[in-house]
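The structure appears below as structure tokens.
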Amino acid sequence: MSRIGKKPVTLPKGVNLELQGQMVAVKGPRGELRRTLHPEMQLAFENGVLTVARPSEDKRHKALHGLTRTLVQNMVDGVSKGFAKTLEIQGVGYKAEAKPYGVNLVVGFSHPVKYEAPKGIKISVENNTTVKIEGADKEAVGQVAAELRAVRPPEPYKGKGIRYQGEQVRRKAGKTGAK
């Protein structure tokens with residue numbers, strides 16, 4: 001049995017869960033999330049606890065069992081606490097600027113790069129080089145962070161670019177210039 005899949009999902013105070021067949025809707029202080037889960041997984045919601053069961057011991061069902069439970073847990077955590085990712089910008093003249101639509105990045109191109117945040121995602125900039133992405137949907141927060149990092153990923157020679165906070169970039173030695 002899947003160790004993750006058999007754990008029940010308990011709802012914290014202030015979070016409501018609605019189950020209609022395979023459609024799960026979770027509402028909390030940070031917003032509302034909806035998701036349709038795999039039709040083969042069996043969901044049961046009783047007394048503020050959601051449990052996920054699988055139809056067989058098939059390898060595919062075992063994988064779906066843990067995935068389904070984790071997806072629901074992430075929805076509950078998102079509407080109660082929220083998720084955040086932080087990006088760091090390194091490089092001379094590289095900076096970010098918060099705008100009403102999202103963020104404006106100046107990262108060594110001939111033009112600033114405009115990034116429009118999707119609905120439900122809040123992007124804030126601290127001291128021009130730290131970008132914080134917050135939202136209730138873990139998947140969307142990670143996707144926005146990946147898209148911003150892809151604008152100018154860190155390069156291995158000088159380390160310039162956009163990286164996740166705490167990310168280690170493997171550095172390479174440049175040309176030696178030997179004759």
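Residues in the structure tokens are named by chain (A, B, ... in the order shown) and by number from 1 within that chain; ligands are numbered from 1 in the order shown.
Proximity to A:Gly48 at 12 Å, evaluated using only C-alpha atoms and with sequence-adjacent residues fewer than 4 positions away removed, yields Pro8, Val9, Thr10, Leu11, Pro12, Lys13, Gly14, Val15, Asn16, Leu17, Glu18, Leu19, Val26, Ala44 and Val76 of chain A.
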Include N, CA, C and O atoms and write out the residues we just selected as a CSV table (one decimal), in the first residue's frame.
chain,number,residue,atom,x,y,z
A,8,PRO,N,-4.8,10.1,5.4
A,8,PRO,CA,-6.0,10.9,5.1
A,8,PRO,C,-5.6,12.4,5.0
A,8,PRO,O,-4.7,12.8,5.6
A,9,VAL,N,-6.4,13.1,4.3
A,9,VAL,CA,-6.3,14.6,4.1
A,9,VAL,C,-7.2,15.2,5.1
A,9,VAL,O,-8.4,15.2,4.9
A,10,THR,N,-6.7,15.8,6.2
A,10,THR,CA,-7.5,16.5,7.1
A,10,THR,C,-7.6,18.0,6.8
A,10,THR,O,-6.6,18.6,6.3
A,11,LEU,N,-8.8,18.6,7.0
A,11,LEU,CA,-9.0,20.0,6.6
A,11,LEU,C,-8.7,20.9,7.8
A,11,LEU,O,-9.3,20.7,8.9
A,12,PRO,N,-7.9,21.9,7.7
A,12,PRO,CA,-7.7,22.9,8.8
A,12,PRO,C,-8.9,23.8,8.9
A,12,PRO,O,-9.8,23.8,8.1
A,13,LYS,N,-9.0,24.5,10.0
A,13,LYS,CA,-10.1,25.4,10.3
A,13,LYS,C,-10.2,26.5,9.2
A,13,LYS,O,-9.2,27.0,8.7
A,14,GLY,N,-11.4,26.7,8.7
A,14,GLY,CA,-11.6,27.8,7.7
A,14,GLY,C,-11.5,27.3,6.3
A,14,GLY,O,-11.6,28.1,5.3
A,15,VAL,N,-11.3,26.0,6.1
A,15,VAL,CA,-11.2,25.4,4.7
A,15,VAL,C,-12.4,24.5,4.5
A,15,VAL,O,-12.7,23.6,5.3
A,16,ASN,N,-13.0,24.7,3.4
A,16,ASN,CA,-14.2,23.8,3.0
A,16,ASN,C,-13.8,23.0,1.8
A,16,ASN,O,-13.2,23.6,0.8
A,17,LEU,N,-14.3,21.8,1.8
A,17,LEU,CA,-14.0,20.9,0.6
A,17,LEU,C,-15.3,20.4,0.1
A,17,LEU,O,-16.2,20.0,0.9
A,18,GLU,N,-15.5,20.5,-1.2
A,18,GLU,CA,-16.7,20.0,-1.9
A,18,GLU,C,-16.3,18.9,-2.9
A,18,GLU,O,-15.4,19.1,-3.7
A,19,LEU,N,-17.0,17.8,-2.8
A,19,LEU,CA,-16.7,16.7,-3.7
A,19,LEU,C,-17.9,16.3,-4.5
A,19,LEU,O,-18.9,16.0,-4.0
A,26,VAL,N,-11.9,23.2,-3.4
A,26,VAL,CA,-11.4,23.5,-2.0
A,26,VAL,C,-11.5,25.1,-1.9
A,26,VAL,O,-10.9,25.8,-2.8
A,44,ALA,N,-13.5,9.5,-0.8
A,44,ALA,CA,-14.5,9.5,0.2
A,44,ALA,C,-14.3,10.7,1.2
A,44,ALA,O,-13.1,10.8,1.7
A,76,VAL,N,-5.4,21.9,-0.4
A,76,VAL,CA,-5.7,22.3,0.9
A,76,VAL,C,-4.7,23.2,1.5
A,76,VAL,O,-5.0,24.3,2.1
Within 10 Å of stretch 138-146 of chain A, counting only C-alpha atoms, which residues qualify if same-chain residues fewer than 5 places away don't, as a PDB file with C-alpha atoms, in the first residue's frame?
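As a result, out-v5.pdb now contains:
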ATOM      1  CA  LEU A  71      -2.725  16.838  -5.333  1.00  0.00           C
ATOM      2  CA  ASN A  74      -1.488  20.643  -2.048  1.00  0.00           C
ATOM      3  CA  MET A  75      -4.872  22.232  -2.807  1.00  0.00           C
ATOM      4  CA  ASP A  77      -2.314  23.710   1.855  1.00  0.00           C
ATOM      5  CA  GLY A  78      -2.571  26.317  -0.920  1.00  0.00           C
ATOM      6  CA  GLY A  82      -0.310  29.467   0.203  1.00  0.00           C
ATOM      7  CA  PHE A  83       2.905  28.719  -1.682  1.00  0.00           C
ATOM      8  CA  ALA A  84       5.883  30.933  -2.513  1.00  0.00           C
ATOM      9  CA  LYS A  85       9.066  30.768  -4.589  1.00  0.00           C
ATOM     10  CA  THR A  86      11.889  33.270  -4.564  1.00  0.00           C
ATOM     11  CA  LEU A  87      14.181  34.121  -7.478  1.00  0.00           C
ATOM     12  CA  TYR A 115       6.094  39.296 -17.834  1.00  0.00           C
ATOM     13  CA  GLU A 116       2.353  39.271 -17.161  1.00  0.00           C
ATOM     14  CA  ALA A 117       1.370  37.270 -14.089  1.00  0.00           C
ATOM     15  CA  PRO A 118      -1.513  34.823 -14.523  1.00  0.00           C
ATOM     16  CA  LYS A 119      -4.668  35.194 -12.442  1.00  0.00           C
ATOM     17  CA  GLY A 120      -4.168  34.159  -8.819  1.00  0.00           C
ATOM     18  CA  ILE A 121      -0.398  34.800  -8.791  1.00  0.00           C
ATOM     19  CA  LYS A 122       1.148  37.773  -6.986  1.00  0.00           C
ATOM     20  CA  ILE A 123       4.668  38.887  -7.933  1.00  0.00           C
ATOM     21  CA  VAL A 131      11.535  38.417  -6.987  1.00  0.00           C
ATOM     22  CA  LYS A 132       8.938  36.664  -4.818  1.00  0.00           C
ATOM     23  CA  ILE A 133       6.117  34.699  -6.446  1.00  0.00           C
ATOM     24  CA  VAL A 151      14.137  34.535 -19.479  1.00  0.00           C
ATOM     25  CA  PRO A 153      19.028  31.285 -16.867  1.00  0.00           C
ATOM     26  CA  ILE A 162      18.060  34.548 -12.812  1.00  0.00           C
ATOM     27  CA  ARG A 163      18.228  31.656 -10.353  1.00  0.00           C
ATOM     28  CA  TYR A 164      16.102  30.125  -7.622  1.00  0.00           C
TER      29      TYR A 164
END
Report the residues of chain A whose backbone DSSP state falls under strand (DSSP E), written as an MDAnalysis selection string. chainID A and resid 9:10 16:20 23:28 31:36 42:46 49:53 83:90 95:99 102:106 113:116 121:126 130:135 161:164
Run DSSP on the backbone of this structure and report the residues of stretch 56-178 of chain A it assigns to alpha helix (DSSP H), as a PyMOL selection string. chain A and resi 59-80+138-151
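Within 10 Å of A:Glu126, once only C-alpha atoms are used and residues closer than 3 positions along the same chain are dropped, the contacting residues are A:Glu88, A:Ala96, A:Glu97, A:Ala98, A:Thr129, A:Thr130, A:Val131, A:Lys132.
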Which residues, written as number ranges by chain, have at least one atom at most 10 Å from A:Arg54, with only C-alpha atoms counted and residues fewer than 6 positions away on the same chain left out? A: 1-2, 5-6, 40-43, 60-66, 68
Go ahead and compute the interatomic distance for atom CA of A:Gly108 and atom CA of A:Ala173, in Å to one decimal. 22.0 Å
Write out as an MDAnalysis selection string each polymer residue whose atoms come within 10 Å of A:Val92, counting only C-alpha atoms; drop sequence neighbours fewer than 3 positions from it. chainID A and resid 89 95 107:108 160:161
